[in-house]
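A.B. asks: Sharing structure.cif, mmCIF, C-alpha atoms:
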data_my_file
loop_
_atom_site.label_atom_id
_atom_site.label_comp_id
_atom_site.auth_asym_id
_atom_site.auth_seq_id
_atom_site.Cartn_x
_atom_site.Cartn_y
_atom_site.Cartn_z
CA MET A 256 0.00 0.00 0.00
CA LYS A 257 1.36 3.40 -1.02
CA THR A 258 1.16 6.34 1.37
CA VAL A 259 0.25 9.80 0.09
CA LEU A 260 0.69 13.02 2.03
CA ILE A 261 -2.05 15.49 1.06
CA THR A 262 -1.20 19.04 2.04
CA GLY A 263 -4.27 21.24 2.30
CA GLY A 264 -6.31 18.06 2.64
CA ALA A 265 -8.88 19.76 4.88
CA GLY A 266 -9.75 22.19 2.09
CA TYR A 267 -12.22 21.98 -0.76
CA VAL A 268 -10.32 20.12 -3.49
CA GLY A 269 -7.82 18.49 -1.13
CA SER A 270 -10.52 16.77 0.94
CA HIS A 271 -12.14 15.33 -2.18
CA ALA A 272 -8.72 14.10 -3.30
CA ALA A 273 -8.20 12.46 0.10
CA LYS A 274 -11.43 10.54 -0.36
CA ALA A 275 -10.47 9.48 -3.90
CA PHE A 276 -6.99 8.29 -2.91
CA SER A 277 -8.36 6.41 0.09
CA GLU A 278 -11.00 4.68 -2.01
CA ASN A 279 -8.29 3.65 -4.48
CA GLY A 280 -6.20 1.81 -1.89
CA TYR A 281 -3.82 4.50 -0.68
CA LYS A 282 -2.97 5.24 2.92
CA VAL A 283 -3.72 8.94 3.35
CA VAL A 284 -2.04 11.43 5.67
CA VAL A 285 -3.54 14.94 5.68
CA LEU A 286 -1.48 17.98 6.65
CA ASP A 287 -3.40 21.23 7.04
CA ASN A 288 -2.97 24.36 9.18
CA LEU A 289 -6.76 24.96 9.15
CA VAL A 290 -6.37 28.60 8.09
CA TYR A 291 -8.92 27.91 5.35
CA GLY A 292 -9.52 24.18 5.81
CA HIS A 293 -12.12 22.44 7.96
CA LYS A 294 -11.14 19.69 10.36
CA ASP A 295 -14.51 17.97 9.86
CA PHE A 296 -13.58 17.54 6.17
CA VAL A 297 -10.79 15.14 7.16
CA ARG A 298 -12.71 11.87 7.03
CA TRP A 299 -10.18 9.75 5.17
CA GLY A 300 -6.74 9.10 6.63
CA GLU A 301 -4.78 10.51 9.54
CA PHE A 302 -4.81 14.23 10.29
CA VAL A 303 -1.75 16.26 11.22
CA GLU A 304 -2.35 19.92 12.04
CA GLY A 305 0.56 22.03 10.89
CA ASP A 306 2.11 24.27 8.28
CA ILE A 307 4.19 23.35 5.25
CA GLY A 308 6.68 26.02 6.33
CA ASP A 309 7.47 24.11 9.55
CA THR A 310 10.64 22.23 8.66
CA SER A 311 10.88 20.30 11.93
CA LEU A 312 7.30 19.08 11.62
CA LEU A 313 7.83 18.00 8.02
CA GLU A 314 11.03 16.14 8.82
CA SER A 315 9.37 14.21 11.63
CA LEU A 316 6.31 13.54 9.46
CA PHE A 317 8.35 12.09 6.57
CA LEU A 318 10.30 9.97 9.04
CA LYS A 319 7.19 8.64 10.79
CA TYR A 320 4.95 7.82 7.83
CA LYS A 321 7.36 6.75 5.06
CA ILE A 322 5.58 8.86 2.45
CA ASP A 323 5.63 7.60 -1.15
CA MET A 324 4.09 10.69 -2.74
CA VAL A 325 3.14 14.26 -1.86
CA SER A 326 -0.04 15.68 -3.35
CA HIS A 327 0.25 19.40 -2.70
CA PHE A 328 -2.93 21.51 -2.43
CA ALA A 329 -2.00 23.93 0.37
CA ALA A 330 -2.05 27.43 -1.13
CA PHE A 331 -3.63 30.86 -0.90
CA ALA A 332 -5.94 31.32 -3.87
CA TYR A 333 -7.66 34.72 -3.85
CA VAL A 334 -6.58 36.63 -6.96
CA GLY A 335 -7.67 40.04 -5.68
CA GLU A 336 -5.93 39.56 -2.35
CA SER A 337 -2.74 38.53 -4.15
CA VAL A 338 -2.71 41.88 -5.94
CA GLN A 339 -3.11 43.73 -2.65
CA ASN A 340 -0.70 41.54 -0.69
CA PRO A 341 1.73 39.81 -3.07
CA GLY A 342 4.24 39.01 -0.33
CA LYS A 343 1.73 36.74 1.39
CA TYR A 344 1.31 34.74 -1.81
CA TYR A 345 4.97 34.46 -2.75
CA GLU A 346 5.91 33.47 0.80
CA ASN A 347 3.27 30.74 1.04
CA ASN A 348 2.75 29.51 -2.52
CA MET A 349 6.46 29.61 -3.39
CA GLY A 350 8.62 29.85 -0.27
CA LYS A 351 6.77 27.38 1.93
CA ALA A 352 6.03 25.11 -1.02
CA LEU A 353 9.77 25.02 -1.77
CA ASN A 354 10.41 24.06 1.85
CA LEU A 355 7.90 21.20 1.45
CA LEU A 356 9.63 20.03 -1.72
CA ILE A 357 13.09 20.09 -0.13
CA CYS A 358 11.86 18.17 2.92
CA ALA A 359 10.10 15.66 0.67
CA LEU A 360 13.30 15.05 -1.25
CA LYS A 361 15.25 14.59 1.98
CA GLY A 362 12.53 12.21 3.13
CA ASN A 363 13.14 10.00 0.06
CA VAL A 364 9.88 10.96 -1.66
CA ARG A 365 10.23 10.44 -5.39
CA VAL A 366 6.80 11.54 -6.65
CA PHE A 367 5.38 15.02 -6.14
CA GLN A 368 1.96 16.13 -7.41
CA PHE A 369 1.11 19.81 -7.69
CA SER A 370 -2.33 21.40 -7.73
CA SER A 371 -1.82 24.26 -10.19
CA THR A 372 -4.25 26.50 -12.04
CA CYS A 373 -5.34 27.89 -15.39
CA ALA A 374 -4.40 31.29 -13.90
CA THR A 375 -0.84 30.54 -15.02
CA TYR A 376 -1.98 31.10 -18.63
CA GLY A 377 -3.21 34.66 -18.15
CA HIS A 378 -5.34 36.12 -20.92
CA PRO A 379 -5.97 33.45 -23.56
CA VAL A 380 -4.59 33.89 -27.07
CA ARG A 381 -6.57 30.90 -28.28
CA ILE A 382 -9.54 28.84 -27.09
CA PRO A 383 -9.64 26.11 -25.94
CA ILE A 384 -6.48 26.45 -23.86
CA THR A 385 -4.06 23.54 -24.17
CA GLU A 386 -1.02 22.70 -22.04
CA SER A 387 1.25 24.35 -24.66
CA HIS A 388 -0.55 27.71 -24.39
CA PRO A 389 1.80 30.57 -23.39
CA GLN A 390 1.94 31.12 -19.64
CA ARG A 391 1.64 34.82 -18.91
CA PRO A 392 -0.20 35.18 -15.58
CA PHE A 393 -1.50 38.63 -14.71
CA SER A 394 -1.76 38.24 -10.93
CA PRO A 395 0.72 37.40 -8.16
CA TYR A 396 -1.44 34.34 -7.44
CA GLY A 397 -0.98 33.02 -10.98
CA ARG A 398 2.72 33.91 -10.98
CA SER A 399 3.29 32.17 -7.64
CA LYS A 400 1.83 28.99 -9.10
CA LEU A 401 3.83 29.29 -12.32
CA PHE A 402 7.07 29.92 -10.45
CA PHE A 403 6.57 26.79 -8.39
CA GLU A 404 5.91 24.82 -11.56
CA GLU A 405 9.35 25.97 -12.75
CA ILE A 406 10.90 25.00 -9.41
CA LEU A 407 9.43 21.51 -9.79
CA ARG A 408 10.94 21.16 -13.24
CA ASP A 409 14.35 22.24 -11.97
CA PHE A 410 14.20 19.71 -9.13
CA SER A 411 13.12 16.95 -11.49
CA ASN A 412 16.07 17.73 -13.75
CA ALA A 413 18.55 17.81 -10.88
CA HIS A 414 17.24 15.10 -8.56
CA ASP A 415 15.52 11.73 -8.60
CA ILE A 416 12.01 13.09 -8.15
CA ARG A 417 9.18 13.08 -10.69
CA HIS A 418 6.17 15.35 -10.73
CA SER A 419 2.71 15.77 -12.17
CA ILE A 420 1.28 19.27 -12.55
CA LEU A 421 -2.50 19.56 -12.79
CA ARG A 422 -3.81 22.91 -14.04
CA TYR A 423 -7.51 23.17 -13.54
CA PHE A 424 -10.20 25.57 -14.43
CA ASN A 425 -13.20 26.35 -12.21
CA ALA A 426 -13.62 23.63 -9.60
CA ALA A 427 -17.30 23.30 -8.69
CA GLY A 428 -19.89 20.97 -7.20
CA ALA A 429 -19.65 18.75 -4.15
CA ASP A 430 -19.21 15.14 -3.16
CA PRO A 431 -22.23 13.30 -4.67
CA GLU A 432 -22.71 11.45 -1.37
CA GLY A 433 -22.99 14.75 0.48
CA GLU A 434 -20.07 14.11 2.84
CA ILE A 435 -17.96 17.16 1.90
CA GLY A 436 -18.28 20.20 -0.32
CA GLU A 437 -17.43 23.84 -0.84
CA ASP A 438 -17.19 26.13 2.18
CA HIS A 439 -14.88 29.11 1.73
CA SER A 440 -14.62 32.21 3.85
CA PRO A 441 -14.83 34.55 2.11
CA GLU A 442 -16.65 32.84 -0.73
CA THR A 443 -15.73 34.12 -4.20
CA HIS A 444 -16.88 31.31 -6.49
CA LEU A 445 -19.94 31.96 -8.62
CA ILE A 446 -22.00 28.80 -8.07
CA PRO A 447 -21.99 28.84 -4.23
CA LEU A 448 -22.63 32.59 -4.29
CA VAL A 449 -25.72 32.10 -6.45
CA LEU A 450 -26.80 29.23 -4.20
CA ASP A 451 -26.50 31.61 -1.26
CA VAL A 452 -29.13 33.76 -2.95
CA ALA A 453 -31.31 30.73 -3.70
CA SER A 454 -31.19 29.69 -0.04
CA GLY A 455 -31.92 33.19 1.26
CA ARG A 456 -28.48 33.68 2.82
CA LYS A 457 -27.83 36.62 0.48
CA PRO A 458 -30.29 39.02 -1.13
CA GLU A 459 -28.83 39.14 -4.63
CA ILE A 460 -26.02 38.17 -6.96
CA GLU A 461 -23.95 40.81 -8.70
CA ILE A 462 -22.79 40.24 -12.27
CA PHE A 463 -19.42 41.88 -12.82
CA GLY A 464 -19.72 43.15 -16.37
CA THR A 465 -22.49 42.62 -18.90
CA ASP A 466 -20.78 44.05 -21.98
CA TYR A 467 -18.23 41.37 -22.82
CA ASP A 468 -17.86 40.04 -26.35
CA THR A 469 -19.95 36.94 -25.63
CA ASP A 470 -23.44 35.90 -26.67
CA ASP A 471 -25.11 37.34 -23.57
CA GLY A 472 -22.46 39.88 -22.58
CA THR A 473 -21.23 38.02 -19.48
CA CYS A 474 -17.99 36.11 -18.86
CA ILE A 475 -17.73 32.48 -19.88
CA ARG A 476 -15.93 29.94 -17.69
CA ASP A 477 -15.19 26.22 -17.76
CA TYR A 478 -16.63 24.40 -14.71
CA ILE A 479 -15.27 21.00 -13.67
CA HIS A 480 -16.75 18.87 -10.93
CA VAL A 481 -14.49 18.50 -7.90
CA THR A 482 -14.98 14.72 -7.83
CA ASP A 483 -13.74 14.51 -11.40
CA LEU A 484 -10.72 16.59 -10.38
CA ALA A 485 -9.99 14.18 -7.55
CA ALA A 486 -10.24 11.17 -9.87
CA ALA A 487 -7.76 12.81 -12.24
CA HIS A 488 -5.27 13.25 -9.40
CA VAL A 489 -5.34 9.51 -8.70
CA LEU A 490 -4.84 8.65 -12.38
CA ALA A 491 -1.99 11.14 -12.72
CA ALA A 492 -0.35 9.75 -9.58
CA GLU A 493 -0.40 6.20 -10.93
CA ARG A 494 1.19 7.40 -14.15
CA THR A 495 3.92 9.38 -12.41
CA PHE A 496 4.95 6.39 -10.28
CA HIS A 497 5.84 4.55 -13.48
CA SER A 498 6.70 7.25 -16.01
CA ASP A 499 8.18 10.69 -16.57
CA SER A 500 7.01 14.03 -15.19
CA THR A 501 4.03 15.56 -16.93
CA VAL A 502 1.43 18.32 -16.92
CA TYR A 503 -2.31 18.11 -17.57
CA ASN A 504 -5.16 20.56 -17.96
CA LEU A 505 -8.39 19.66 -16.22
CA GLY A 506 -11.60 21.15 -17.54
CA ASN A 507 -14.81 20.13 -19.25
CA GLY A 508 -14.01 21.73 -22.58
CA ASP A 509 -17.31 23.61 -22.48
CA GLY A 510 -17.92 27.11 -21.25
CA PHE A 511 -20.95 28.58 -19.51
CA SER A 512 -21.69 32.27 -19.09
CA VAL A 513 -22.54 33.89 -15.78
CA ARG A 514 -26.14 34.31 -16.94
CA GLU A 515 -26.33 30.64 -17.95
CA VAL A 516 -25.11 29.56 -14.52
CA ILE A 517 -27.70 31.76 -12.80
CA LYS A 518 -30.48 30.39 -15.00
CA LYS A 519 -29.41 26.82 -14.30
CA VAL A 520 -29.41 27.48 -10.54
CA ARG A 521 -32.96 28.81 -10.90
CA ASP A 522 -33.95 25.61 -12.72
CA VAL A 523 -32.28 23.25 -10.24
CA THR A 524 -33.43 24.97 -7.06
CA ALA A 525 -36.80 26.27 -8.26
CA ARG A 526 -35.94 29.48 -6.42
CA ASP A 527 -35.95 33.08 -7.57
CA ILE A 528 -32.52 34.68 -8.00
CA ARG A 529 -32.30 38.46 -7.82
CA VAL A 530 -29.58 39.82 -10.10
CA VAL A 531 -27.90 43.22 -10.10
CA ARG A 532 -25.49 44.51 -12.72
CA GLY A 533 -22.04 45.65 -11.68
CA GLU A 534 -18.91 46.96 -13.35
CA ARG A 535 -16.26 44.75 -14.84
CA ARG A 536 -13.50 43.58 -12.54
CA PRO A 537 -10.01 44.53 -13.72
CA GLY A 538 -8.28 41.70 -15.57
CA ASP A 539 -11.26 39.38 -16.06
CA PRO A 540 -10.95 37.64 -19.47
CA ALA A 541 -14.15 37.33 -21.46
CA LYS A 542 -13.72 33.60 -21.98
CA LEU A 543 -11.69 30.84 -20.32
CA VAL A 544 -12.23 27.32 -21.60
CA GLY A 545 -9.68 24.53 -21.34
CA SER A 546 -8.83 21.46 -23.36
CA SER A 547 -8.41 18.20 -21.44
CA ASP A 548 -7.66 16.14 -24.54
CA LYS A 549 -4.19 15.20 -23.30
CA ILE A 550 -5.26 13.52 -20.04
CA MET A 551 -8.22 11.90 -21.79
CA LYS A 552 -5.98 10.36 -24.45
CA GLU A 553 -3.08 9.38 -22.18
CA LEU A 554 -4.92 8.25 -19.04
CA GLY A 555 -8.47 7.61 -20.22
CA TRP A 556 -9.87 10.22 -17.85
CA GLN A 557 -13.49 11.15 -18.50
CA PRO A 558 -15.56 13.58 -16.41
CA GLU A 559 -18.38 11.69 -14.75
CA TYR A 560 -20.25 14.87 -13.76
CA ALA A 561 -19.74 16.89 -16.92
CA SER A 562 -23.11 18.59 -17.21
CA LEU A 563 -23.76 21.89 -15.49
CA ASP A 564 -27.00 20.40 -14.13
CA LYS A 565 -25.13 17.65 -12.26
CA ILE A 566 -22.53 20.06 -10.95
CA ILE A 567 -25.17 22.41 -9.54
CA GLU A 568 -27.36 19.58 -8.22
CA THR A 569 -24.52 18.20 -6.08
CA ALA A 570 -23.56 21.70 -4.94
CA TRP A 571 -27.18 22.50 -3.98
CA ARG A 572 -27.54 19.26 -2.03
CA TRP A 573 -24.37 20.05 -0.09
CA HIS A 574 -25.41 23.66 0.41
CA GLN A 575 -28.62 22.55 2.07
CA ILE A 576 -26.73 20.14 4.34
CA ARG A 577 -23.96 22.55 5.31
CA PHE A 578 -25.89 25.78 5.69
#
Is it possible to give me this structure as structure tokens?

C.D. replies:
Amino acid sequence: MKTVLITGGAGYVGSHAAKAFSENGYKVVVLDNLVYGHKDFVRWGEFVEGDIGDTSLLESLFLKYKIDMVSHFAAFAYVGESVQNPGKYYENNMGKALNLLICALKGNVRVFQFSSTCATYGHPVRIPITESHPQRPFSPYGRSKLFFEEILRDFSNAHDIRHSILRYFNAAGADPEGEIGEDHSPETHLIPLVLDVASGRKPEIEIFGTDYDTDDGTCIRDYIHVTDLAAAHVLAAERTFHSDSTVYNLGNGDGFSVREVIKKVRDVTARDIRVVRGERRPGDPAKLVGSSDKIMKELGWQPEYASLDKIIETAWRWHQIRF
């Protein structure tokens, strides 16, 4: 049985990954400082409370558990905050992540998996976005992720450690069995924000920009179910144990506008959604849609919850349980 250390495993995507790895025969160890994570999300594997910047803790952890692979999710991920406080993002997403990587190498870990983001691409020059698309991030958040990708490549070239980099688009939905889901503070993701309006927790949803060059004037994004993301992490891990380092995009290949998402939430919840128009946010691209052809062809990955209906249905079920 292989042992995987999941950093940030009490968070949204990390907790779903912990469930997926556990159900696929891995021993799971979760490391999370609970700044944004939730201890009650750690339902698969052992929990260690701590920070990836704590060298002594990491050294003792690698010694105790004999880790075979690190799956690294622990990161700050608010784009706007990264613009206001870039030092926080470079310190955590690069500096502390580098400390984790060094400790993993010293602990004889030879496989490292990195939860990256489509934010490394910046404004798209072509749609759909493939793994070969130029990487020109426009925020410190995106740059911090890109820089760590480069660090991983350097370490793989210099040392006996392989990596898989998974760049995903808009993670959405919740565990279909209702055990875990999305619970951020503050919440910035569109689907849970619209569900907050449907449930009466918020009075309205604001659309940031209605004059984009799209069919209905609102931004288009690619939504991928979090369970499908987790399944892809397991497949990528199995590949990396037996092959070279690689990078994969994870998306559905279809885009949905803000207005389409709001309409679908209305349909799924049978609730009224009050909408107000707002100004564009600086830097928001009109359209972000990814291509996942590479991981589909190489690993046979197929999204099980590809439709927007299924994504919102699982999110709504979780929303009602959690809130």

A.B. asks: Go through A:Glu559, A:Asp509, A:Asp295, A:Glu404 and flag the residue nearest Ile435 (chain A), using all atoms listed in the file for the distances.

C.D. replies: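 Of A:Glu559, A:Asp509, A:Asp295, A:Glu404, the one nearest Ile435 (chain A), counting all atoms listed in the file, is A:Asp295.
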
A.B. asks: Would you kindly return, as a CSV table (one decimal) with C-alpha atoms, keeping the file's coordinate frame, each protein, DNA or RNA residue with an atom no farther than 12 Å from any atom of Leu484 (chain A), considering only C-alpha atoms and excluding same-chain residues fewer than 6 positions away?

C.D. replies:
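Wrote it out as result_38.csv, contents follow:
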chain,number,residue,atom,x,y,z
A,267,TYR,CA,-12.2,22.0,-0.8
A,268,VAL,CA,-10.3,20.1,-3.5
A,269,GLY,CA,-7.8,18.5,-1.1
A,270,SER,CA,-10.5,16.8,0.9
A,271,HIS,CA,-12.1,15.3,-2.2
A,272,ALA,CA,-8.7,14.1,-3.3
A,273,ALA,CA,-8.2,12.5,0.1
A,274,LYS,CA,-11.4,10.5,-0.4
A,275,ALA,CA,-10.5,9.5,-3.9
A,276,PHE,CA,-7.0,8.3,-2.9
A,370,SER,CA,-2.3,21.4,-7.7
A,371,SER,CA,-1.8,24.3,-10.2
A,372,THR,CA,-4.2,26.5,-12.0
A,421,LEU,CA,-2.5,19.6,-12.8
A,422,ARG,CA,-3.8,22.9,-14.0
A,423,TYR,CA,-7.5,23.2,-13.5
A,424,PHE,CA,-10.2,25.6,-14.4
A,425,ASN,CA,-13.2,26.4,-12.2
A,426,ALA,CA,-13.6,23.6,-9.6
A,427,ALA,CA,-17.3,23.3,-8.7
A,428,GLY,CA,-19.9,21.0,-7.2
A,429,ALA,CA,-19.6,18.8,-4.2
A,430,ASP,CA,-19.2,15.1,-3.2
A,478,TYR,CA,-16.6,24.4,-14.7
A,490,LEU,CA,-4.8,8.6,-12.4
A,491,ALA,CA,-2.0,11.1,-12.7
A,503,TYR,CA,-2.3,18.1,-17.6
A,504,ASN,CA,-5.2,20.6,-18.0
A,505,LEU,CA,-8.4,19.7,-16.2
A,506,GLY,CA,-11.6,21.2,-17.5
A,507,ASN,CA,-14.8,20.1,-19.2
A,547,SER,CA,-8.4,18.2,-21.4
A,550,ILE,CA,-5.3,13.5,-20.0
A,556,TRP,CA,-9.9,10.2,-17.8
A,557,GLN,CA,-13.5,11.2,-18.5
A,558,PRO,CA,-15.6,13.6,-16.4
A,559,GLU,CA,-18.4,11.7,-14.8
A,560,TYR,CA,-20.2,14.9,-13.8
A,561,ALA,CA,-19.7,16.9,-16.9

A.B. asks: If the PyMOL selection byres ((chain A and resi 521-525) around 12) is run on the structure shown, which residues does it catch, given as an MDAnalysis selection string?

C.D. replies: chainID A and resid 446 449:455 514:520 526:530 563:572 574:575

A.B. asks: Take the selection from the previous step and output its residues with C-alpha atoms, as a compact mmCIF listing (two decimals), in the frame of the given file.

C.D. replies:
# COMPACT_ATOMS: atom_id res chain seq x y z
CA ILE A 446 -22.00 28.80 -8.07
CA VAL A 449 -25.72 32.10 -6.45
CA LEU A 450 -26.80 29.23 -4.20
CA ASP A 451 -26.50 31.61 -1.26
CA VAL A 452 -29.13 33.76 -2.95
CA ALA A 453 -31.31 30.73 -3.70
CA SER A 454 -31.19 29.69 -0.04
CA GLY A 455 -31.92 33.19 1.26
CA ARG A 514 -26.14 34.31 -16.94
CA GLU A 515 -26.33 30.64 -17.95
CA VAL A 516 -25.11 29.56 -14.52
CA ILE A 517 -27.70 31.76 -12.80
CA LYS A 518 -30.48 30.39 -15.00
CA LYS A 519 -29.41 26.82 -14.30
CA VAL A 520 -29.41 27.48 -10.54
CA ARG A 526 -35.94 29.48 -6.42
CA ASP A 527 -35.95 33.08 -7.57
CA ILE A 528 -32.52 34.68 -8.00
CA ARG A 529 -32.30 38.46 -7.82
CA VAL A 530 -29.58 39.82 -10.10
CA LEU A 563 -23.76 21.89 -15.49
CA ASP A 564 -27.00 20.40 -14.13
CA LYS A 565 -25.13 17.65 -12.26
CA ILE A 566 -22.53 20.06 -10.95
CA ILE A 567 -25.17 22.41 -9.54
CA GLU A 568 -27.36 19.58 -8.22
CA THR A 569 -24.52 18.20 -6.08
CA ALA A 570 -23.56 21.70 -4.94
CA TRP A 571 -27.18 22.50 -3.98
CA ARG A 572 -27.54 19.26 -2.03
CA HIS A 574 -25.41 23.66 0.41
CA GLN A 575 -28.62 22.55 2.07

A.B. asks: Could you tell me, as number ranges by chain, exactly which residues end up selected when the PyMOL selection byres ((chain A and resi 292) around 12) is applied to this structure?

C.D. replies: A: 262-270, 285-291, 293-297, 302, 304-306, 328-331, 435-440

A.B. asks: So the first atom is CA of Gly508 (chain A) and the second is CA of Ser546 (chain A); what is the distance between them in Å, to one decimal place?

C.D. replies: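 So the answer is 5.2 Å.
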
A.B. asks: Which residues, named as in the file, does the PyMOL selection byres ((chain A and resi 349) around 12) pick out? Answer as a PyMOL selection string.

C.D. replies: chain A and resi 307-308+327+329-331+341-348+350-356+369+371+395-407

A.B. asks: Please return, as an mmCIF file with C-alpha atoms, in the frame of the given file, all polymer residues that have at least one atom within 12 Å of the point (11.0, 7.4, -2.9); use only C-alpha atoms and the file's own coordinate frame.

C.D. replies:
data_model
loop_
_atom_site.group_PDB
_atom_site.id
_atom_site.type_symbol
_atom_site.label_atom_id
_atom_site.label_comp_id
_atom_site.auth_asym_id
_atom_site.auth_seq_id
_atom_site.Cartn_x
_atom_site.Cartn_y
_atom_site.Cartn_z
ATOM 1 C CA LYS A 257 1.360 3.400 -1.020
ATOM 2 C CA THR A 258 1.160 6.340 1.370
ATOM 3 C CA VAL A 259 0.250 9.800 0.090
ATOM 4 C CA PHE A 317 8.350 12.090 6.570
ATOM 5 C CA LYS A 321 7.360 6.750 5.060
ATOM 6 C CA ILE A 322 5.580 8.860 2.450
ATOM 7 C CA ASP A 323 5.630 7.600 -1.150
ATOM 8 C CA MET A 324 4.090 10.690 -2.740
ATOM 9 C CA VAL A 325 3.140 14.260 -1.860
ATOM 10 C CA ALA A 359 10.100 15.660 0.670
ATOM 11 C CA LEU A 360 13.300 15.050 -1.250
ATOM 12 C CA LYS A 361 15.250 14.590 1.980
ATOM 13 C CA GLY A 362 12.530 12.210 3.130
ATOM 14 C CA ASN A 363 13.140 10.000 0.060
ATOM 15 C CA VAL A 364 9.880 10.960 -1.660
ATOM 16 C CA ARG A 365 10.230 10.440 -5.390
ATOM 17 C CA VAL A 366 6.800 11.540 -6.650
ATOM 18 C CA PHE A 367 5.380 15.020 -6.140
ATOM 19 C CA HIS A 414 17.240 15.100 -8.560
ATOM 20 C CA ASP A 415 15.520 11.730 -8.600
ATOM 21 C CA ILE A 416 12.010 13.090 -8.150
ATOM 22 C CA ARG A 417 9.180 13.080 -10.690
ATOM 23 C CA PHE A 496 4.950 6.390 -10.280
#
